[in-house]
>>> print(open('entry_38.csv').read())   # CSV, C-alpha atoms
chain,number,residue,atom,x,y,z
A,1,MET,CA,83.9,85.5,93.4
A,2,THR,CA,86.2,87.0,95.9
A,3,THR,CA,85.5,90.1,97.9
A,4,ASP,CA,87.9,92.9,98.9
A,5,PRO,CA,89.0,92.3,102.5
A,6,THR,CA,89.4,96.0,103.0
A,7,THR,CA,85.7,96.7,102.3
A,8,PRO,CA,83.1,96.2,105.0
A,9,SER,CA,80.0,94.1,104.5
A,10,PRO,CA,77.2,96.2,103.0
A,11,GLU,CA,74.9,95.4,106.0
A,12,LEU,CA,77.5,96.6,108.5
A,13,HIS,CA,76.7,99.9,110.3
A,14,ALA,CA,78.5,101.6,113.2
A,15,THR,CA,75.8,101.7,115.8
A,16,ALA,CA,75.9,103.6,119.1
A,17,GLU,CA,76.6,100.4,120.9
A,18,ASP,CA,79.5,99.5,118.6
A,19,ILE,CA,81.0,103.0,119.0
A,20,ALA,CA,80.7,102.8,122.8
A,21,HIS,CA,82.4,99.4,122.8
A,22,VAL,CA,85.3,100.7,120.6
A,23,ARG,CA,85.7,103.8,122.9
A,24,ALA,CA,85.9,101.5,126.0
A,25,ALA,CA,88.5,99.3,124.4
A,26,TYR,CA,90.4,102.4,123.3
A,27,ALA,CA,90.5,103.9,126.8
A,28,LYS,CA,91.7,100.5,128.1
A,29,LEU,CA,94.4,100.4,125.4
A,30,ARG,CA,95.7,103.8,126.4
A,31,GLU,CA,95.7,102.8,130.1
A,32,GLU,CA,97.8,99.7,129.4
A,33,ILE,CA,100.2,101.7,127.2
A,34,ARG,CA,100.7,104.3,129.9
A,35,LYS,CA,102.0,101.6,132.2
A,36,THR,CA,105.1,101.6,130.0
A,37,ILE,CA,105.1,104.8,128.0
A,38,VAL,CA,105.1,108.2,129.6
A,39,GLY,CA,103.3,111.0,127.6
A,40,GLN,CA,103.2,110.9,123.8
A,41,ASP,CA,99.4,110.7,123.8
A,42,ASP,CA,99.0,112.3,120.4
A,43,VAL,CA,101.5,109.8,118.9
A,44,VAL,CA,99.7,106.8,120.4
A,45,ASP,CA,96.4,108.2,119.0
A,46,GLN,CA,97.8,108.6,115.5
A,47,ILE,CA,99.3,105.1,115.5
A,48,LEU,CA,96.1,103.5,116.7
A,49,MET,CA,94.1,105.4,114.1
A,50,ALA,CA,96.4,104.2,111.4
A,51,ILE,CA,96.0,100.6,112.5
A,52,PHE,CA,92.2,100.9,112.7
A,53,CYS,CA,92.3,102.3,109.1
A,54,ARG,CA,94.4,99.5,107.8
A,55,GLY,CA,97.1,102.1,107.0
A,56,HIS,CA,100.8,102.4,107.7
A,57,ALA,CA,102.8,105.2,109.4
A,58,VAL,CA,106.3,106.6,109.2
A,59,VAL,CA,107.6,108.1,112.5
A,60,VAL,CA,110.2,110.9,112.6
A,61,GLY,CA,112.0,111.5,115.8
A,62,VAL,CA,115.5,111.7,117.2
A,63,PRO,CA,117.0,108.6,118.9
A,64,GLY,CA,116.1,107.7,122.5
A,65,LEU,CA,112.4,108.7,122.4
A,66,ALA,CA,111.1,105.1,123.0
A,67,LYS,CA,109.8,104.5,119.4
A,68,THR,CA,110.7,100.8,119.6
A,69,LEU,CA,109.3,100.4,123.1
A,70,LEU,CA,106.1,102.1,122.1
A,71,ILE,CA,105.3,100.0,119.1
A,72,SER,CA,106.3,96.7,120.9
A,73,THR,CA,104.0,97.7,123.8
A,74,LEU,CA,101.2,98.5,121.4
A,75,ALA,CA,101.6,95.1,119.7
A,76,LYS,CA,101.3,93.4,123.1
A,77,THR,CA,98.1,95.3,124.0
A,78,LEU,CA,96.6,94.3,120.6
A,79,SER,CA,97.7,90.7,121.1
A,80,LEU,CA,99.6,90.8,117.8
A,81,GLN,CA,102.9,89.4,116.6
A,82,PHE,CA,105.6,92.0,116.7
A,83,SER,CA,108.6,91.9,114.4
A,84,ARG,CA,111.5,94.4,114.2
A,85,ILE,CA,113.7,94.9,111.1
A,86,GLN,CA,116.8,97.0,111.6
A,87,PHE,CA,117.6,98.6,108.2
A,88,THR,CA,121.3,98.7,107.3
A,89,PRO,CA,123.1,99.5,104.0
A,90,ASP,CA,123.8,95.8,103.4
A,91,LEU,CA,120.3,94.6,104.0
A,92,MET,CA,118.9,92.6,101.1
A,93,PRO,CA,115.2,92.2,100.0
A,94,SER,CA,115.4,88.5,100.8
A,95,ASP,CA,116.4,89.4,104.4
A,96,ILE,CA,112.9,91.0,104.7
A,97,THR,CA,110.7,88.8,102.6
A,98,GLY,CA,112.4,85.4,103.2
A,99,THR,CA,114.1,83.0,100.9
A,100,GLU,CA,114.0,79.5,99.5
A,101,VAL,CA,116.4,76.9,100.8
A,102,ILE,CA,117.2,73.4,99.7
A,103,GLN,CA,115.9,70.8,102.1
A,104,GLU,CA,116.8,67.1,101.8
A,105,ASP,CA,114.5,64.3,103.0
A,106,LYS,CA,116.8,62.0,105.0
A,107,ALA,CA,114.6,58.9,104.3
A,108,THR,CA,114.4,59.2,100.5
A,109,GLY,CA,117.3,61.5,99.7
A,110,HIS,CA,114.9,63.7,97.7
A,111,ARG,CA,115.7,67.4,97.7
A,112,GLN,CA,113.2,70.2,97.4
A,113,LEU,CA,113.0,73.9,97.9
A,114,ARG,CA,111.4,75.1,101.1
A,115,PHE,CA,110.4,78.7,101.7
A,116,VAL,CA,111.7,80.2,104.9
A,117,ARG,CA,109.7,83.2,105.9
A,118,GLY,CA,111.3,86.5,106.7
A,119,PRO,CA,110.5,89.0,109.4
A,120,ILE,CA,107.9,90.7,107.3
A,121,PHE,CA,105.6,87.8,108.2
A,122,GLY,CA,104.2,89.5,111.4
A,123,ASN,CA,101.3,91.6,112.3
A,124,VAL,CA,103.1,94.7,113.5
A,125,ILE,CA,106.4,95.4,111.7
A,126,LEU,CA,108.9,98.0,113.0
A,127,ALA,CA,111.0,99.1,110.0
A,128,ASP,CA,113.7,100.8,112.1
A,129,GLU,CA,115.6,103.6,110.2
A,130,ILE,CA,114.1,102.7,106.8
A,131,ASN,CA,116.2,105.4,105.1
A,132,ARG,CA,119.5,103.6,105.9
A,133,THR,CA,118.9,100.8,103.3
A,134,PRO,CA,119.2,101.1,99.5
A,135,PRO,CA,116.1,101.7,97.4
A,136,LYS,CA,116.0,98.1,96.2
A,137,THR,CA,115.4,96.9,99.7
A,138,GLN,CA,113.0,99.8,100.5
A,139,ALA,CA,111.0,98.8,97.5
A,140,ALA,CA,110.6,95.2,98.7
A,141,LEU,CA,109.1,96.5,101.9
A,142,LEU,CA,106.8,99.0,100.2
A,143,GLU,CA,105.6,96.4,97.8
A,144,ALA,CA,104.6,94.1,100.6
A,145,MET,CA,102.8,97.1,102.3
A,146,GLN,CA,100.8,97.8,99.2
A,147,GLU,CA,100.0,94.3,98.0
A,148,ARG,CA,100.0,92.6,101.4
A,149,HIS,CA,101.8,89.6,100.0
A,150,VAL,CA,105.3,88.7,98.8
A,151,THR,CA,106.3,86.6,95.8
A,152,VAL,CA,109.3,84.4,96.0
A,153,GLY,CA,110.2,81.9,93.3
A,154,GLY,CA,107.0,82.7,91.4
A,155,ILE,CA,104.9,81.6,94.4
A,156,GLN,CA,102.7,84.2,96.2
A,157,HIS,CA,102.8,84.1,100.0
A,158,ASP,CA,100.1,86.1,101.8
A,159,LEU,CA,101.0,88.2,104.8
A,160,PRO,CA,99.2,87.9,108.1
A,161,SER,CA,96.1,90.0,108.8
A,162,PRO,CA,96.0,92.5,110.4
A,163,PHE,CA,99.3,93.9,108.9
A,164,PHE,CA,100.8,97.2,109.9
A,165,VAL,CA,104.2,98.8,109.2
A,166,LEU,CA,105.7,101.5,111.3
A,167,ALA,CA,108.8,102.9,109.7
A,168,THR,CA,111.1,105.2,111.6
A,169,GLN,CA,113.5,107.9,110.3
A,170,ASN,CA,116.1,110.0,112.2
A,171,PRO,CA,115.7,113.7,111.1
A,172,ILE,CA,119.1,114.9,112.4
A,173,GLU,CA,121.5,112.4,110.8
A,174,GLN,CA,121.4,112.2,107.0
A,175,GLU,CA,124.9,111.1,106.1
A,176,GLY,CA,124.9,107.7,104.5
A,177,THR,CA,121.1,107.5,104.1
A,178,TYR,CA,118.8,106.8,101.2
A,179,PRO,CA,115.8,109.2,101.7
A,180,LEU,CA,112.4,107.8,100.6
A,181,PRO,CA,111.2,109.5,97.4
A,182,GLU,CA,107.9,111.4,97.7
A,183,ALA,CA,106.1,108.7,95.7
A,184,GLN,CA,107.1,106.1,98.2
A,185,LEU,CA,106.3,108.3,101.2
A,186,ASP,CA,102.9,108.8,99.8
A,187,ARG,CA,102.1,105.1,100.6
A,188,PHE,CA,102.3,105.8,104.3
A,189,MET,CA,99.0,107.0,105.7
A,190,PHE,CA,100.5,109.1,108.5
A,191,GLN,CA,103.8,110.8,109.2
A,192,VAL,CA,104.0,111.0,113.0
A,193,GLN,CA,106.3,113.5,114.6
A,194,ILE,CA,107.7,112.4,118.0
A,195,SER,CA,109.1,115.3,120.1
A,196,TYR,CA,111.0,115.5,123.3
A,197,PRO,CA,109.1,114.8,126.5
A,198,THR,CA,108.2,117.7,128.9
A,199,ALA,CA,110.2,118.3,132.0
A,200,THR,CA,107.6,116.6,134.1
A,201,GLU,CA,107.3,113.6,131.8
A,202,GLU,CA,111.1,113.2,131.6
A,203,GLU,CA,111.3,113.2,135.4
A,204,GLU,CA,108.7,110.4,135.5
A,205,ILE,CA,110.7,108.4,132.9
A,206,VAL,CA,113.9,108.7,135.0
A,207,LYS,CA,112.0,107.6,138.1
A,208,ARG,CA,110.5,104.6,136.4
A,209,SER,CA,113.7,103.4,134.8
A,210,ALA,CA,115.6,103.7,138.1
A,211,THR,CA,113.1,102.2,140.5
A,212,ARG,CA,110.5,100.0,138.7
A,213,ALA,CA,110.8,96.5,137.4
A,214,SER,CA,109.4,95.4,134.1
A,215,VAL,CA,105.7,96.0,133.7
A,216,GLN,CA,103.3,93.3,132.5
A,217,THR,CA,101.1,94.5,129.6
A,218,THR,CA,97.6,93.0,129.3
A,219,ALA,CA,96.2,92.3,125.8
A,220,VAL,CA,93.0,94.3,125.2
A,221,LEU,CA,92.0,93.5,121.6
A,222,SER,CA,92.6,90.3,119.6
A,223,ALA,CA,93.1,90.2,115.8
A,224,PRO,CA,89.4,89.5,115.1
A,225,ASP,CA,88.5,92.4,117.3
A,226,ILE,CA,90.8,94.7,115.4
A,227,LYS,CA,89.3,93.6,112.0
A,228,LYS,CA,85.9,94.4,113.3
A,229,VAL,CA,87.0,97.9,114.4
A,230,GLN,CA,88.6,98.3,110.9
A,231,ASP,CA,85.2,97.4,109.3
A,232,LEU,CA,83.4,99.8,111.6
A,233,VAL,CA,85.7,102.7,110.7
A,234,ARG,CA,84.9,102.3,107.0
A,235,ALA,CA,81.2,102.0,107.8
A,236,MET,CA,81.2,105.3,109.7
A,237,PRO,CA,79.0,107.9,107.7
A,238,ALA,CA,80.8,110.9,106.2
A,239,PRO,CA,78.4,113.6,105.0
A,240,ASP,CA,79.0,115.1,101.6
A,241,HIS,CA,79.8,118.5,102.9
A,242,VAL,CA,82.6,117.1,105.1
A,243,ILE,CA,84.0,115.2,102.1
A,244,ARG,CA,83.9,118.4,100.0
A,245,TYR,CA,85.7,120.3,102.8
A,246,ALA,CA,88.5,117.6,102.8
A,247,LEU,CA,88.8,117.9,99.1
A,248,ARG,CA,89.1,121.7,99.3
A,249,LEU,CA,91.9,121.3,101.8
A,250,VAL,CA,93.9,118.9,99.6
A,251,ARG,CA,93.1,120.6,96.3
A,252,ALA,CA,94.2,124.0,97.6
A,253,THR,CA,97.8,122.6,98.0
A,254,ARG,CA,98.1,122.0,94.3
A,255,VAL,CA,99.9,125.2,93.3
A,256,LYS,CA,100.2,124.0,89.7
A,257,GLU,CA,96.4,123.8,89.3
A,258,PRO,CA,93.8,126.7,89.4
A,259,MET,CA,92.1,127.2,92.8
A,260,ASP,CA,88.6,125.8,93.0
A,261,GLY,CA,86.0,128.5,92.7
A,262,GLY,CA,88.6,130.9,91.4
A,263,GLY,CA,89.3,132.5,94.8
A,264,PRO,CA,92.8,133.3,96.2
A,265,ARG,CA,95.0,130.6,97.4
A,266,PRO,CA,96.3,130.7,101.1
A,267,LYS,CA,99.3,132.9,101.2
A,268,LEU,CA,101.8,130.4,102.7
A,269,VAL,CA,100.7,127.8,100.2
A,270,GLU,CA,101.2,130.1,97.3
A,271,THR,CA,104.6,131.3,98.5
A,272,TYR,CA,106.2,128.2,99.9
A,273,LEU,CA,104.9,125.1,98.2
A,274,ALA,CA,106.4,123.6,95.0
A,275,TRP,CA,104.0,120.6,94.8
A,276,GLY,CA,100.8,119.6,96.5
A,277,ALA,CA,99.1,116.4,97.7
A,278,GLY,CA,97.5,113.8,95.4
A,279,PRO,CA,94.2,112.0,95.5
A,280,ARG,CA,95.5,109.4,98.0
A,281,ALA,CA,95.7,112.3,100.5
A,282,SER,CA,92.0,113.0,100.1
A,283,GLU,CA,91.1,109.3,100.6
A,284,PHE,CA,93.3,109.0,103.7
A,285,LEU,CA,92.0,112.3,105.1
A,286,ILE,CA,88.4,111.1,105.1
A,287,LEU,CA,89.3,107.6,106.3
A,288,ALA,CA,91.4,108.9,109.2
A,289,ALA,CA,88.6,111.4,110.1
A,290,LYS,CA,86.2,108.4,110.3
A,291,ALA,CA,88.6,106.7,112.8
A,292,LYS,CA,88.9,110.0,114.8
A,293,ALA,CA,85.1,110.3,114.8
A,294,ILE,CA,84.6,106.8,116.3
A,295,LEU,CA,87.3,107.3,118.9
A,296,SER,CA,85.6,110.6,119.8
A,297,GLY,CA,82.3,108.9,120.3
A,298,ALA,CA,80.6,110.7,117.3
A,299,THR,CA,78.0,109.0,115.1
A,300,HIS,CA,79.2,110.6,111.9
A,301,VAL,CA,82.3,112.6,110.7
A,302,LEU,CA,82.5,116.3,111.5
A,303,PRO,CA,84.8,119.0,110.0
A,304,GLU,CA,86.7,119.1,113.3
A,305,HIS,CA,87.6,115.4,112.9
A,306,VAL,CA,89.1,116.2,109.5
A,307,GLN,CA,91.0,119.2,111.0
A,308,ALA,CA,92.4,117.1,113.8
A,309,ILE,CA,94.2,114.7,111.5
A,310,THR,CA,95.2,117.0,108.6
A,311,LYS,CA,98.8,117.4,109.7
A,312,PRO,CA,99.8,113.7,110.0
A,313,VAL,CA,98.1,113.0,106.7
A,314,LEU,CA,99.4,116.0,104.7
A,315,ARG,CA,102.8,116.9,106.1
A,316,HIS,CA,104.8,114.3,104.1
A,317,ARG,CA,102.8,114.9,100.9
A,318,LEU,CA,103.7,118.6,100.6
A,319,MET,CA,106.9,119.5,98.8
A,320,THR,CA,108.3,122.9,99.8
A,321,ASN,CA,110.4,125.2,97.6
A,322,PHE,CA,113.6,127.0,98.2
A,323,ASN,CA,111.8,130.0,99.8
A,324,ALA,CA,110.4,127.8,102.5
A,325,GLU,CA,113.9,126.4,103.3
A,326,ALA,CA,115.4,129.9,103.3
A,327,ASP,CA,112.6,131.3,105.6
A,328,GLN,CA,112.6,128.1,107.7
A,329,VAL,CA,108.9,127.6,107.0
A,330,THR,CA,107.7,124.0,107.8
A,331,THR,CA,104.9,122.0,106.2
A,332,ASP,CA,103.1,122.1,109.6
A,333,ALA,CA,103.1,125.9,109.4
A,334,ILE,CA,101.7,125.8,105.9
A,335,ILE,CA,98.9,123.3,107.0
A,336,ASP,CA,98.0,125.7,109.9
A,337,ASN,CA,97.6,128.5,107.4
A,338,LEU,CA,95.6,126.1,105.1
A,339,LEU,CA,93.2,125.2,107.9
A,340,LYS,CA,92.8,128.9,108.8
A,341,GLU,CA,92.1,130.1,105.3
A,342,ILE,CA,90.0,127.3,103.7
A,343,PRO,CA,86.4,127.7,104.8
A,344,VAL,CA,84.4,124.8,106.2
A,345,ASP,CA,81.2,125.8,104.5
A,346,GLY,CA,82.7,126.4,101.0
A,347,ALA,CA,82.2,130.1,101.0
A,348,THR,CA,85.2,132.4,100.8
A,349,PRO,CA,85.8,135.1,103.5
A,350,ARG,CA,84.5,137.8,101.1
A,351,GLU,CA,81.4,135.8,100.4
A,352,ARG,CA,80.7,135.1,104.1
A,353,LYS,CA,81.1,138.9,104.7
A,354,GLN,CA,78.6,139.7,102.0
A,355,MET,CA,76.1,137.1,103.3
A,356,ASN,CA,76.4,138.6,106.8
A,357,GLU,CA,75.7,142.1,105.5
A,358,VAL,CA,72.6,140.8,103.6
A,359,LEU,CA,71.4,139.1,106.8
A,360,ARG,CA,71.7,142.3,108.7
>>> encode(input="entry_38.csv", output="structure tokens")
Amino acid sequence: MTTDPTTPSPELHATAEDIAHVRAAYAKLREEIRKTIVGQDDVVDQILMAIFCRGHAVVVGVPGLAKTLLISTLAKTLSLQFSRIQFTPDLMPSDITGTEVIQEDKATGHRQLRFVRGPIFGNVILADEINRTPPKTQAALLEAMQERHVTVGGIQHDLPSPFFVLATQNPIEQEGTYPLPEAQLDRFMFQVQISYPTATEEEEIVKRSATRASVQTTAVLSAPDIKKVQDLVRAMPAPDHVIRYALRLVRATRVKEPMDGGGPRPKLVETYLAWGAGPRASEFLILAAKAKAILSGATHVLPEHVQAITKPVLRHRLMTNFNAEADQVTTDAIIDNLLKEIPVDGATPRERKQMNEVLR
């Protein structure tokens, strides 16, 4: 009987010593990354959380924000094999997964097919500008992400473990692109937004590039260490009331369904959303909150851990309507309204007011 590699052993528990060890390694990781990358602390945190949750992330940012440098540096600090795939309109699925070639034995003259592995066979995969390749090639990558293996010539080839895909998209240039459908975007755990650096950070970037030589990055965690952290994340306790809070956040986005409890739906959600998030969002919300809890040094998941990662989990799973486009309302603004209006304790604002009056 085989076991699911994504499920921790039943006897595994996240002890205080384990959490302290993870936090120490996490602090050292950030220190090593800062030798090369200036700023972008939130981006680094979200990418690390995705790796520790066995998830994948799509990064949205304009060119020149060091997306490639960030992920290659991260791979070095994690002692993992880094592979970059530049997506272009003529890229074929076999260019990603690999292909079979005819190989001849010079001694016997016998010919046989030999599988040549593609760039997908790495630990950390940078899928650069994933929306520039046709859907057929996109699907080949997304299938590998989901199944963690590729099948060529009827033979299944397992991908290395750990395996993490970071896909990038350029938000300002859409001509000649093939946008990922919502169903495929849903396979990514996080959508990470990279913004311009601050004036101080940009000054430091210029100084470094003009005066400093290449920086040596030290590996902090090995592949077995990462697998252990991934198991600890899943073993982190999540109380029922926190799970119910995460469910209320996700279910409130489903404008086609009645609101749980029959209360009013948040105003921006009601006005600007055409479609809400599915059950995968609920799963990822709790899983990411577990990673946030460990990295914060907590012994169990708290509502603030859920709130801290709601935007990267939900922003690419919410479909806005024409009103949102006309009023220039973003999914992040809708999520802010959601976090403000959805109560942590399950009581509506009116019910809380009534309870306070009774207590008086």
>>> atom_distance(input="entry_38.csv", atom1="CA of Gly61 in chain A", atom2="CA of Pro119 in chain A")
23.4 Å
>>> closest_atom_pairs(input="entry_38.csv", of="range 127-217 of chain A", to="range 44-53 of chain A", cutoff="8 Å", atoms="only C-alpha atoms", output="CSV")
residue,atom,partner,partner_atom,distance
A:Phe164,CA,A:Ile51,CA,6.4
A:Met189,CA,A:Ala50,CA,6.9
A:Phe190,CA,A:Ala50,CA,7.0
A:Val192,CA,A:Gln46,CA,7.1
>>> closest_residue(input="entry_38.csv", among="A:Met236, A:Glu31, A:Ile335, A:Arg187", to="Leu268 in chain A", atoms="only C-alpha atoms")
A:Ile335
>>> residues_near_point(input="entry_38.csv", point="(106.9, 87.8, 112.4)", cutoff="7 Å", atoms="only C-alpha atoms", output="tab-separated table (two decimals) with C-alpha atoms, in the frame of the given file")
chain	number	residue	atom	x	y	z
A	81	GLN	CA	102.90	89.40	116.60
A	82	PHE	CA	105.60	92.00	116.70
A	83	SER	CA	108.60	91.90	114.40
A	119	PRO	CA	110.50	89.00	109.40
A	120	ILE	CA	107.90	90.70	107.30
A	121	PHE	CA	105.60	87.80	108.20
A	122	GLY	CA	104.20	89.50	111.40
A	123	ASN	CA	101.30	91.60	112.30
>>> atom_distance(input="entry_38.csv", atom1="CA of Asp18 in chain A", atom2="CA of Ile294 in chain A")
9.2 Å
